[in-house]
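Asks: Got a structure for you, my_file-v6.txt, holding compact mmCIF, C-alpha atoms.
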```
# COMPACT_ATOMS: atom_id res chain seq x y z
CA MET A 1 -8.68 55.52 32.74
CA VAL A 2 -6.86 53.23 35.18
CA ALA A 3 -3.22 53.13 36.09
CA GLU A 4 -0.99 50.76 34.18
CA ALA A 5 -0.31 48.79 37.35
CA THR A 6 -3.96 47.75 37.73
CA ARG A 7 -4.11 43.96 37.51
CA VAL A 8 -7.18 41.86 36.77
CA LEU A 9 -6.98 38.09 37.09
CA ILE A 10 -9.21 36.20 34.64
CA ALA A 11 -9.83 32.79 36.21
CA ALA A 12 -12.83 31.32 34.43
CA ASP A 13 -13.80 27.77 33.48
CA LYS A 14 -14.91 26.75 29.99
CA PHE A 15 -18.28 27.67 28.52
CA LYS A 16 -19.27 24.14 27.61
CA GLY A 17 -20.24 23.81 23.97
CA SER A 18 -18.98 27.30 23.12
CA LEU A 19 -15.52 28.25 24.39
CA THR A 20 -12.58 26.67 26.16
CA ALA A 21 -11.35 28.29 29.36
CA VAL A 22 -8.36 29.63 27.43
CA GLU A 23 -10.69 31.24 24.87
CA VAL A 24 -12.87 32.73 27.61
CA ALA A 25 -9.82 34.43 29.11
CA GLU A 26 -8.72 35.75 25.71
CA HIS A 27 -12.11 37.30 24.94
CA VAL A 28 -12.50 38.83 28.40
CA ALA A 29 -9.01 40.34 28.20
CA ALA A 30 -9.77 41.81 24.77
CA GLY A 31 -12.92 43.48 26.06
CA LEU A 32 -11.19 44.91 29.12
CA ARG A 33 -8.34 46.37 27.07
CA ARG A 34 -10.73 48.02 24.66
CA VAL A 35 -12.08 50.22 27.48
CA VAL A 36 -8.95 50.51 29.66
CA PRO A 37 -5.88 49.98 27.47
CA GLY A 38 -3.48 50.12 30.43
CA VAL A 39 -5.08 47.28 32.38
CA GLU A 40 -2.92 44.23 33.05
CA ALA A 41 -5.27 41.35 32.23
CA VAL A 42 -3.72 38.15 33.57
CA PRO A 43 -5.22 34.92 32.15
CA LEU A 44 -5.39 31.90 34.46
CA PRO A 45 -7.84 29.39 32.93
CA VAL A 46 -9.28 27.06 35.57
CA ALA A 47 -11.17 23.77 35.76
CA ASP A 48 -12.77 21.67 38.48
CA GLY A 49 -11.17 18.32 37.62
CA GLY A 50 -13.37 17.49 34.63
CA ASP A 51 -13.04 18.39 30.95
CA GLY A 52 -10.40 21.04 30.39
CA THR A 53 -8.26 20.29 33.45
CA VAL A 54 -5.18 19.33 31.42
CA ASP A 55 -5.62 22.39 29.20
CA ALA A 56 -5.72 24.62 32.28
CA ALA A 57 -2.52 23.09 33.63
CA VAL A 58 -0.78 23.50 30.27
CA ALA A 59 -1.87 27.14 30.08
CA ALA A 60 -0.24 27.61 33.50
CA GLY A 61 3.09 26.29 32.23
CA TYR A 62 2.86 22.51 32.53
CA GLU A 63 4.14 20.40 29.64
CA ARG A 64 1.55 18.57 27.53
CA CYS A 65 2.48 14.90 27.14
CA GLU A 66 0.54 12.91 24.55
CA VAL A 67 0.11 9.14 24.62
CA ARG A 68 -2.00 6.54 22.81
CA VAL A 69 -4.40 4.77 25.17
CA ALA A 70 -7.60 2.73 25.08
CA GLY A 71 -10.82 4.72 24.81
CA PRO A 72 -13.94 3.86 26.81
CA VAL A 73 -14.97 1.06 24.42
CA GLY A 74 -11.43 -0.15 23.75
CA GLU A 75 -10.56 1.71 20.56
CA PRO A 76 -7.24 3.61 20.67
CA VAL A 77 -7.42 7.36 21.28
CA ALA A 78 -4.80 10.11 21.50
CA ALA A 79 -4.91 11.47 25.05
CA ALA A 80 -2.73 13.82 27.08
CA PHE A 81 -1.65 14.53 30.61
CA ALA A 82 0.18 17.58 31.97
CA LEU A 83 3.57 17.37 33.65
CA GLU A 84 5.57 19.79 35.78
CA ARG A 85 8.98 18.15 35.78
CA GLY A 86 10.58 20.27 38.49
CA LYS A 87 8.01 19.20 41.05
CA ARG A 88 7.46 15.76 39.50
CA THR A 89 3.74 16.48 39.47
CA ALA A 90 1.34 15.25 36.79
CA VAL A 91 -2.25 16.23 36.13
CA VAL A 92 -4.24 13.33 34.69
CA GLU A 93 -7.74 14.05 33.39
CA MET A 94 -9.79 10.87 33.09
CA ALA A 95 -12.06 12.44 30.45
CA GLU A 96 -9.04 12.53 28.14
CA ALA A 97 -9.15 8.72 27.95
CA SER A 98 -12.52 7.63 29.32
CA GLY A 99 -14.83 10.57 28.74
CA LEU A 100 -18.15 10.76 26.95
CA ARG A 101 -16.49 12.74 24.19
CA ARG A 102 -14.30 9.69 23.45
CA LEU A 103 -17.23 7.46 22.52
CA PRO A 104 -17.21 6.65 18.78
CA GLN A 105 -20.08 8.55 17.14
CA GLY A 106 -21.30 9.34 20.65
CA VAL A 107 -22.85 5.87 21.02
CA ARG A 108 -23.02 5.17 24.76
CA ALA A 109 -22.06 1.87 26.36
CA PRO A 110 -23.34 2.02 29.96
CA LEU A 111 -22.51 -1.60 30.83
CA THR A 112 -19.19 -2.09 29.05
CA ALA A 113 -17.41 1.30 28.97
CA THR A 114 -14.09 1.00 30.79
CA THR A 115 -11.56 3.24 32.54
CA TYR A 116 -8.64 1.12 31.29
CA GLY A 117 -7.27 4.06 29.31
CA THR A 118 -7.25 6.23 32.43
CA GLY A 119 -4.99 3.64 34.06
CA GLU A 120 -2.74 3.79 31.02
CA LEU A 121 -2.51 7.56 31.43
CA VAL A 122 -1.55 7.13 35.10
CA ARG A 123 1.12 4.62 34.08
CA ALA A 124 2.47 7.01 31.44
CA ALA A 125 2.69 9.75 34.06
CA LEU A 126 4.67 7.40 36.31
CA ASP A 127 6.95 6.56 33.38
CA ALA A 128 7.54 10.31 32.90
CA GLY A 129 8.79 10.58 36.48
CA ALA A 130 5.70 11.87 38.27
CA ARG A 131 5.53 11.10 41.98
CA THR A 132 2.50 13.25 42.68
CA ILE A 133 -0.51 12.60 40.47
CA VAL A 134 -3.59 14.80 40.48
CA LEU A 135 -6.37 12.64 39.06
CA GLY A 136 -9.12 14.90 37.81
CA VAL A 137 -12.39 13.07 37.30
CA GLY A 138 -15.59 14.09 35.59
CA GLY A 139 -17.31 13.82 32.24
CA SER A 140 -16.83 10.04 32.21
CA ALA A 141 -18.54 7.54 29.92
CA THR A 142 -17.99 4.78 32.47
CA THR A 143 -19.53 3.13 35.53
CA ASP A 144 -16.88 0.52 36.28
CA GLY A 145 -15.77 1.65 39.74
CA GLY A 146 -12.28 2.27 38.41
CA ALA A 147 -11.72 -1.46 37.87
CA GLY A 148 -10.47 -0.83 34.33
CA MET A 149 -8.01 1.78 35.61
CA LEU A 150 -6.67 -0.62 38.22
CA GLY A 151 -6.49 -3.38 35.62
CA ALA A 152 -4.23 -1.25 33.43
CA LEU A 153 -1.96 -0.81 36.45
CA GLY A 154 -1.69 -4.55 37.14
CA ALA A 155 -4.74 -5.55 39.19
CA ARG A 156 -6.77 -8.63 38.27
CA PHE A 157 -10.51 -9.16 38.71
CA LEU A 158 -11.75 -12.73 38.25
CA ASP A 159 -15.07 -14.52 38.10
CA GLY A 160 -15.99 -17.70 39.97
CA ARG A 161 -14.09 -19.82 37.44
CA GLY A 162 -10.91 -17.81 37.72
CA ARG A 163 -11.39 -16.01 34.40
CA PRO A 164 -11.01 -12.24 33.94
CA VAL A 165 -14.36 -10.48 34.14
CA GLY A 166 -15.61 -8.51 31.17
CA PRO A 167 -15.05 -4.78 30.75
CA GLY A 168 -17.19 -2.12 32.39
CA GLY A 169 -19.58 -2.14 35.28
CA GLY A 170 -21.54 -4.98 33.72
CA GLY A 171 -18.52 -7.26 34.04
CA LEU A 172 -18.32 -6.56 37.77
CA ALA A 173 -21.64 -8.38 38.23
CA GLU A 174 -19.56 -11.59 37.91
CA VAL A 175 -16.53 -10.58 39.99
CA ALA A 176 -15.64 -13.16 42.64
CA SER A 177 -12.05 -12.32 43.53
CA ALA A 178 -9.57 -9.50 43.20
CA ASP A 179 -5.79 -9.58 43.16
CA LEU A 180 -4.04 -6.24 43.66
CA SER A 181 -0.62 -7.76 44.27
CA GLY A 182 0.42 -6.98 40.69
CA LEU A 183 -0.26 -3.24 40.97
CA ASP A 184 2.58 -1.12 39.67
CA PRO A 185 4.94 -0.87 42.68
CA ARG A 186 5.58 2.81 41.95
CA ILE A 187 2.03 3.56 43.14
CA ALA A 188 3.08 2.89 46.74
CA ALA A 189 5.66 5.68 46.49
CA THR A 190 3.34 8.11 44.70
CA ARG A 191 0.96 10.66 46.20
CA VAL A 192 -2.36 10.45 44.38
CA VAL A 193 -4.94 13.21 44.82
CA LEU A 194 -8.51 12.56 43.67
CA ALA A 195 -9.85 15.88 42.37
CA SER A 196 -13.63 15.90 41.94
CA ASP A 197 -16.51 18.33 42.13
CA VAL A 198 -18.92 15.67 43.46
CA ASP A 199 -18.96 13.91 46.83
CA ASN A 200 -21.39 11.07 46.05
CA PRO A 201 -20.88 7.61 47.57
CA LEU A 202 -20.29 4.58 45.36
CA THR A 203 -23.72 2.93 45.66
CA GLY A 204 -27.30 3.59 46.71
CA PRO A 205 -29.77 6.30 45.69
CA ARG A 206 -26.98 8.93 45.62
CA GLY A 207 -24.45 6.54 44.12
CA ALA A 208 -22.59 6.46 40.82
CA ALA A 209 -25.12 4.34 38.93
CA SER A 210 -28.31 5.88 40.28
CA VAL A 211 -27.35 9.53 39.86
CA TYR A 212 -25.07 9.52 36.84
CA GLY A 213 -25.81 6.23 35.05
CA PRO A 214 -28.74 7.64 33.04
CA GLN A 215 -26.45 10.37 31.64
CA LYS A 216 -24.29 7.58 30.27
CA GLY A 217 -27.12 5.72 28.59
CA ALA A 218 -28.24 3.44 31.42
CA GLY A 219 -31.92 2.54 31.61
CA ALA A 220 -33.66 1.57 34.84
CA ALA A 221 -32.64 -2.11 34.57
CA ASP A 222 -29.05 -1.11 33.75
CA VAL A 223 -28.91 1.20 36.78
CA ALA A 224 -30.07 -1.60 39.08
CA LEU A 225 -27.53 -4.03 37.61
CA LEU A 226 -24.68 -1.53 37.85
CA ASP A 227 -25.50 -0.53 41.42
CA ALA A 228 -25.53 -4.18 42.51
CA ALA A 229 -22.32 -4.87 40.58
CA LEU A 230 -20.53 -1.95 42.25
CA ALA A 231 -21.69 -3.14 45.67
CA ARG A 232 -20.37 -6.64 44.88
CA TYR A 233 -17.06 -5.14 43.71
CA ALA A 234 -16.65 -3.19 46.97
CA CYS A 235 -17.33 -6.38 48.97
CA VAL A 236 -14.81 -8.40 46.95
CA LEU A 237 -12.18 -5.73 47.58
CA ASP A 238 -13.22 -5.75 51.25
CA ARG A 239 -13.49 -1.95 51.18
CA THR A 240 -17.17 -1.33 51.84
CA ASP A 241 -16.00 1.34 54.26
CA LEU A 242 -14.64 3.38 51.36
CA ALA A 243 -17.77 2.83 49.28
CA ALA A 244 -19.51 5.37 51.52
CA ALA A 245 -16.64 7.86 51.44
CA PRO A 246 -17.17 11.28 49.83
CA GLY A 247 -16.09 11.12 46.20
CA ALA A 248 -16.24 7.32 45.92
CA GLY A 249 -19.07 7.63 43.40
CA ALA A 250 -17.34 10.27 41.30
CA ALA A 251 -17.09 9.60 37.57
CA GLY A 252 -18.82 6.22 37.62
CA GLY A 253 -17.02 5.10 40.75
CA VAL A 254 -13.48 5.75 39.53
CA GLY A 255 -13.21 7.69 42.78
CA PHE A 256 -13.67 4.44 44.70
CA GLY A 257 -11.02 2.74 42.59
CA ALA A 258 -8.59 5.55 43.30
CA LEU A 259 -9.31 5.55 47.03
CA ALA A 260 -9.25 1.77 47.45
CA GLY A 261 -6.58 0.79 44.94
CA LEU A 262 -4.27 3.80 44.65
CA GLY A 263 -4.48 5.12 48.21
CA ALA A 264 -5.73 8.45 46.90
CA ALA A 265 -6.83 11.36 49.07
CA PHE A 266 -10.05 13.11 48.05
CA ARG A 267 -10.17 16.89 47.70
CA PRO A 268 -12.67 19.18 45.95
CA GLY A 269 -11.46 19.52 42.39
CA ILE A 270 -11.34 23.28 42.19
CA GLU A 271 -9.25 23.51 45.38
CA VAL A 272 -6.70 21.09 43.95
CA ILE A 273 -6.54 22.77 40.57
CA LEU A 274 -6.15 26.24 42.08
CA ASP A 275 -3.17 24.91 44.05
CA VAL A 276 -1.71 23.35 40.91
CA LEU A 277 -2.14 26.59 38.98
CA GLY A 278 -0.60 28.78 41.70
CA PHE A 279 -3.78 30.83 42.09
CA ALA A 280 -2.88 32.17 45.54
CA GLU A 281 0.30 33.72 44.17
CA ALA A 282 -1.40 35.04 41.04
CA VAL A 283 -4.22 36.80 42.91
CA ARG A 284 -1.93 38.86 45.13
CA GLY A 285 -1.87 42.48 44.08
CA CYS A 286 -4.93 42.18 41.84
CA ARG A 287 -7.72 44.71 41.93
CA LEU A 288 -10.34 42.30 40.60
CA VAL A 289 -10.89 38.64 39.74
CA ILE A 290 -13.19 37.68 36.88
CA THR A 291 -14.39 34.09 37.03
CA GLY A 292 -17.23 32.22 35.35
CA GLU A 293 -18.61 29.21 33.51
CA GLY A 294 -21.30 28.49 30.94
CA SER A 295 -24.20 28.31 33.38
CA LEU A 296 -24.24 29.84 36.84
CA ASP A 297 -26.98 27.90 38.60
CA ALA A 298 -27.72 25.93 41.76
CA GLN A 299 -25.20 23.27 40.77
CA SER A 300 -22.47 25.92 40.70
CA LEU A 301 -22.83 26.30 44.47
CA HIS A 302 -21.63 22.72 45.04
CA GLY A 303 -17.93 22.69 44.26
CA LYS A 304 -17.87 24.31 40.83
CA ALA A 305 -15.00 26.50 39.70
CA PRO A 306 -16.46 30.01 40.12
CA VAL A 307 -17.32 29.48 43.78
CA GLY A 308 -13.88 28.05 44.55
CA VAL A 309 -12.20 30.96 42.79
CA ALA A 310 -14.30 33.54 44.66
CA ARG A 311 -13.61 31.86 48.01
CA VAL A 312 -9.83 32.01 47.63
CA ALA A 313 -9.87 35.51 46.11
CA GLY A 314 -11.95 36.70 49.05
CA ALA A 315 -9.41 35.30 51.48
CA TYR A 316 -6.90 37.68 49.91
CA GLY A 317 -9.31 40.61 49.98
CA VAL A 318 -9.80 40.70 46.20
CA PRO A 319 -13.40 41.11 44.91
CA THR A 320 -14.79 38.71 42.31
CA VAL A 321 -17.32 39.17 39.52
CA ALA A 322 -18.52 36.40 37.25
CA VAL A 323 -19.34 36.01 33.58
CA CYS A 324 -21.63 33.27 32.30
CA GLY A 325 -23.86 32.34 29.44
CA ARG A 326 -26.91 31.74 31.58
CA LEU A 327 -27.68 32.93 35.11
CA THR A 328 -30.34 31.50 37.42
CA LEU A 329 -28.91 32.51 40.81
CA ALA A 330 -30.22 35.47 42.76
CA PRO A 331 -27.78 38.24 43.75
CA SER A 332 -28.11 37.17 47.38
CA ALA A 333 -26.99 33.61 46.55
CA LEU A 334 -24.01 34.96 44.63
CA ALA A 335 -23.07 37.30 47.47
CA ARG A 336 -23.07 34.42 49.96
CA VAL A 337 -20.30 32.68 47.99
CA GLY A 338 -18.27 35.84 47.44
CA ILE A 339 -19.36 36.84 43.92
CA SER A 340 -20.34 40.49 43.99
CA ARG A 341 -22.06 40.48 40.61
CA ALA A 342 -22.64 38.18 37.64
CA TYR A 343 -22.91 39.24 33.99
CA ALA A 344 -24.83 36.84 31.73
CA LEU A 345 -24.40 36.78 27.96
CA ALA A 346 -28.11 36.00 27.72
CA GLU A 347 -28.77 39.58 28.84
CA LEU A 348 -27.20 40.73 25.56
CA GLU A 349 -28.52 37.90 23.37
CA PRO A 350 -31.61 36.08 24.70
CA ASP A 351 -31.72 33.48 21.91
CA PRO A 352 -29.80 30.44 23.30
CA GLU A 353 -28.48 29.22 19.94
CA ARG A 354 -27.25 32.64 18.87
CA CYS A 355 -25.81 33.23 22.33
CA MET A 356 -23.70 30.06 22.13
CA ALA A 357 -22.69 30.67 18.52
CA HIS A 358 -21.52 34.21 19.26
CA ALA A 359 -20.21 33.68 22.78
CA GLY A 360 -16.79 35.19 22.02
CA PRO A 361 -17.94 38.63 20.81
CA LEU A 362 -20.64 38.69 23.51
CA LEU A 363 -18.00 38.03 26.16
CA GLU A 364 -15.95 40.94 24.87
CA ARG A 365 -18.96 43.25 25.12
CA THR A 366 -19.62 41.93 28.62
CA ALA A 367 -16.01 42.57 29.63
CA GLU A 368 -16.40 46.15 28.39
CA LEU A 369 -19.36 46.53 30.77
CA ILE A 370 -17.27 45.15 33.63
CA ALA A 371 -14.46 47.55 32.84
CA ARG A 372 -16.84 50.53 32.96
CA ASP A 373 -18.67 49.33 36.06
CA VAL A 374 -15.71 48.24 38.16
CA LEU A 375 -12.49 49.69 36.73
CA GLY A 376 -13.74 52.98 35.39
```
For the file at hand, write its structure as structure tokens.
Replies:
Amino acid sequence: MVAEATRVLIAADKFKGSLTAVEVAEHVAAGLRRVVPGVEAVPLPVADGGDGTVDAAVAAGYERCEVRVAGPVGEPVAAAFALERGKRTAVVEMAEASGLRRLPQGVRAPLTATTYGTGELVRAALDAGARTIVLGVGGSATTDGGAGMLGALGARFLDGRGRPVGPGGGGLAEVASADLSGLDPRIAATRVVLASDVDNPLTGPRGAASVYGPQKGAGAADVALLDAALARYACVLDRTDLAAAPGAGAAGGVGFGALAGLGAAFRPGIEVILDVLGFAEAVRGCRLVITGEGSLDAQSLHGKAPVGVARVAGAYGVPTVAVCGRLTLAPSALARVGISRAYALAELEPDPERCMAHAGPLLERTAELIARDVLG
């Protein structure tokens, strides 16, 4: 039995396809309390800038603000951003407006999907009084370089005849001139932080179209067209310097649009979100941090939430263990990033479909193991 003062911080990301980050925290807390009823299990759901970022901010006390915006193919969708009025800070998650999950019937539109709705979310945050905007990007359906977002904020992109170009990255193949003079003047007085877990450039073999275009339905010919269109777009804006900047290729190039058009500063998504959530304050006095995500694999080592959580917890001398559905990392790789041990649900239920379907109860059983191993 542990003393009542023992605190455990549960700072896990979502288990994609199974549980939200909030639900992960709830199940882990339930399992811990079953073994050590006196434990103080403190939930702090986290995200890395992609899906679930707004939910994490709301769980930490931000206000959810809902607004009707354009989805990735133009149809209206109900989206939300998170607002902390006292600090005039808003968290805008582009996936809320322009994500793959917003595509009607999941039908992908690699050449025409637009970030216009993301720009509408930014404008709504400005209308609500925000003067610091954290723009979390990831999970996008788009490869338009953020042109749609900038268009919603007053920019104009024209073809050789002076007509507005079409939506999406395909439309940028015709762009001949850009006019940013109509951008919402409040942007100049607003601090914009680009929060992303990828550092890809805008174009080239590691660029937005080449690496992520196929995930959004782009075939080989589409990828070539989109890559050339994004290069043309950067030239028209006269910001080829920023096209090579880390994060410019994030979320179909919306990172470039934020850097070039909104004056954003790029930071790894998990670092930004941990600051927003007050993680440093929450971890003080804790005996243990439990982090995690659906799959702990090689990709997790490159800016994903569990590694960011473990790094900050380690700076405060608090050990971290991880929970996950699937684990492919060796103990030595985990130790190098500050995770002392990982517990995979697949160890309890090897069948992937059953594991995902019963992730909640499996997490509770896993948390019981953690309680016995670490807190007992």
Asks: Identify which of the residues A:Thr328, A:Thr53, A:Ser177, A:Ser140 lies closest to Phe157 of chain A, counting all atoms listed in the file when measuring atom-to-atom distances.
Replies: A:Ser177
Asks: Quick one: residues within 10 Å of Asp297 of chain A, all atoms listed in the file, excluding same-chain residues fewer than 5 positions away - as a PyMOL selection string?
Replies: chain A and resi 302+324+326-330+333-334
Asks: Store the residues of this selection in a file with C-alpha atoms, as a compact mmCIF listing (two decimals), in the coordinates of the input.
Replies:
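What follows is the written file selection-v7.txt:
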```txt
# COMPACT_ATOMS: atom_id res chain seq x y z
CA HIS A 302 -21.63 22.72 45.04
CA CYS A 324 -21.63 33.27 32.30
CA ARG A 326 -26.91 31.74 31.58
CA LEU A 327 -27.68 32.93 35.11
CA THR A 328 -30.34 31.50 37.42
CA LEU A 329 -28.91 32.51 40.81
CA ALA A 330 -30.22 35.47 42.76
CA ALA A 333 -26.99 33.61 46.55
CA LEU A 334 -24.01 34.96 44.63
```
Asks: Under the rule that only C-alpha atoms are counted, which of A:Val312, A:Val134, A:Ala125, A:Leu111 is the nearest residue to Ala218 of chain A?
Replies: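 Selected residue with least distance to Ala218 of chain A: A:Leu111.
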Asks: Quick one: residues within 12 Å of (-5.2, 47.7, 36.2) (file frame), counting only C-alpha atoms, please, as an MDAnalysis selection string.
Replies: chainID A and resid 1:9 29 32:33 35:42 285:289 371 374:376
Asks: Around the point (-24.3, 26.5, 21.3), in the coordinates given by the file, pick out the residues reaching within 6 Å, counting all atoms listed in the file, and return them as number ranges by chain.
Replies: A: 17-18, 353, 356-357
Asks: Could you build a table of the residues in segment 139-244 of chain A lying no more than 12 Å from segment 86-93 of chain A, giving for each the nearest pair of atoms and their separation in Å rounded to one decimal place, using only C-alpha atoms, ordered by chain and ascending residue number, as a Markdown table?
Replies:
```
| residue | atom | partner | partner_atom | distance |
| --- | --- | --- | --- | --- |
| A:Gly139 | CA | A:Glu93 | CA | 9.6 |
| A:Ser140 | CA | A:Glu93 | CA | 10.0 |
| A:Thr190 | CA | A:Thr89 | CA | 9.9 |
| A:Arg191 | CA | A:Thr89 | CA | 9.3 |
| A:Val192 | CA | A:Ala90 | CA | 9.7 |
| A:Val193 | CA | A:Val91 | CA | 9.6 |
| A:Leu194 | CA | A:Val92 | CA | 10.0 |
| A:Ala195 | CA | A:Glu93 | CA | 9.4 |
| A:Ser196 | CA | A:Glu93 | CA | 10.5 |
```
Asks: Using only C-alpha atoms, which residue out of A:Glu120, A:Glu23, A:Asp238, A:Asp351 lies closest to Gly148 of chain A?
Replies: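 Of A:Glu120, A:Glu23, A:Asp238, A:Asp351, the one nearest Gly148 of chain A, counting only C-alpha atoms, is A:Glu120.
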Asks: Any idea what the distance is between atom CA of Gly261 of chain A and atom CA of Gly217 of chain A?
Replies: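 Atom CA of Gly217 of chain A lies at a distance of 26.7 Å from atom CA of Gly261 of chain A.
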Asks: From the list A:Arg365, A:Arg206, A:Arg156, A:Lys304, which residue is nearest Gly247 of chain A when using only C-alpha atoms?
Replies: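 Smallest distance to Gly247 of chain A is found for A:Arg206.
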Asks: I'd like to know which of A:Gly166, A:Thr366, A:Asp48, A:Leu100 is closest to Ser300 of chain A, using all atoms listed in the file.
Replies: A:Asp48
Asks: Interatomic distance between atom CA of Ala113 of chain A and atom CA of Glu293 of chain A?
Replies: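 Distance between the two atoms: 28.3 Å.
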Asks: Need to verify the contact set: segment 77-84 of chain A, 7 Å, all atoms listed in the file, exclusion of same-chain residues closer than 4 positions in sequence. Can you return it as a ChimeraX atom specification?
Replies: /A:54,57-58,62-71,88-93,96-97
Asks: As an exercise, work out the distance from atom CA of Val46 of chain A to atom CA of Pro306 of chain A in Å and give it to one decimal place.
Replies: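 If I compute the distance from atom CA of Val46 of chain A to atom CA of Pro306 of chain A, I get 9.0 Å.
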Asks: Of the candidates A:Val22, A:Val321, A:Val276, A:Ala359, which one gets nearest to Asp373 of chain A if we count only C-alpha atoms?
Replies: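 That would be A:Val321, the residue with the smallest distance to Asp373 of chain A.
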Asks: For Gly146 of chain A, list every protein, DNA or RNA residue within 12 Å, evaluated using all atoms listed in the file, and leave out those in the same chain fewer than 4 positions away; present the list as a PyMOL selection string.
Replies: chain A and resi 72+94+98+113-119+135+137+140-142+150-153+155+157+167-169+172+202+208+230+233-234+248-262
Asks: Find the nearest atom pair between each residue of segment 290-342 of chain A and segment 10-15 of chain A for residues within 10 Å, count only C-alpha atoms, give distances in Å to one decimal, sort rows by chain and ascending number, and present the table as CSV.
Replies:
```
residue,atom,partner,partner_atom,distance
A:Ile290,CA,A:Ile10,CA,4.8
A:Thr291,CA,A:Ala12,CA,4.1
A:Gly292,CA,A:Ala12,CA,4.6
A:Glu293,CA,A:Asp13,CA,5.0
A:Gly294,CA,A:Phe15,CA,4.0
A:Ser295,CA,A:Phe15,CA,7.7
A:Lys304,CA,A:Asp13,CA,9.1
A:Ala305,CA,A:Asp13,CA,6.5
A:Pro306,CA,A:Ala12,CA,6.9
A:Val309,CA,A:Ala11,CA,7.2
A:Ala310,CA,A:Ala11,CA,9.6
A:Thr320,CA,A:Ile10,CA,9.8
A:Val321,CA,A:Ile10,CA,9.9
A:Ala322,CA,A:Ala12,CA,8.1
A:Val323,CA,A:Ala12,CA,8.1
A:Cys324,CA,A:Phe15,CA,7.5
A:Gly325,CA,A:Phe15,CA,7.3
```
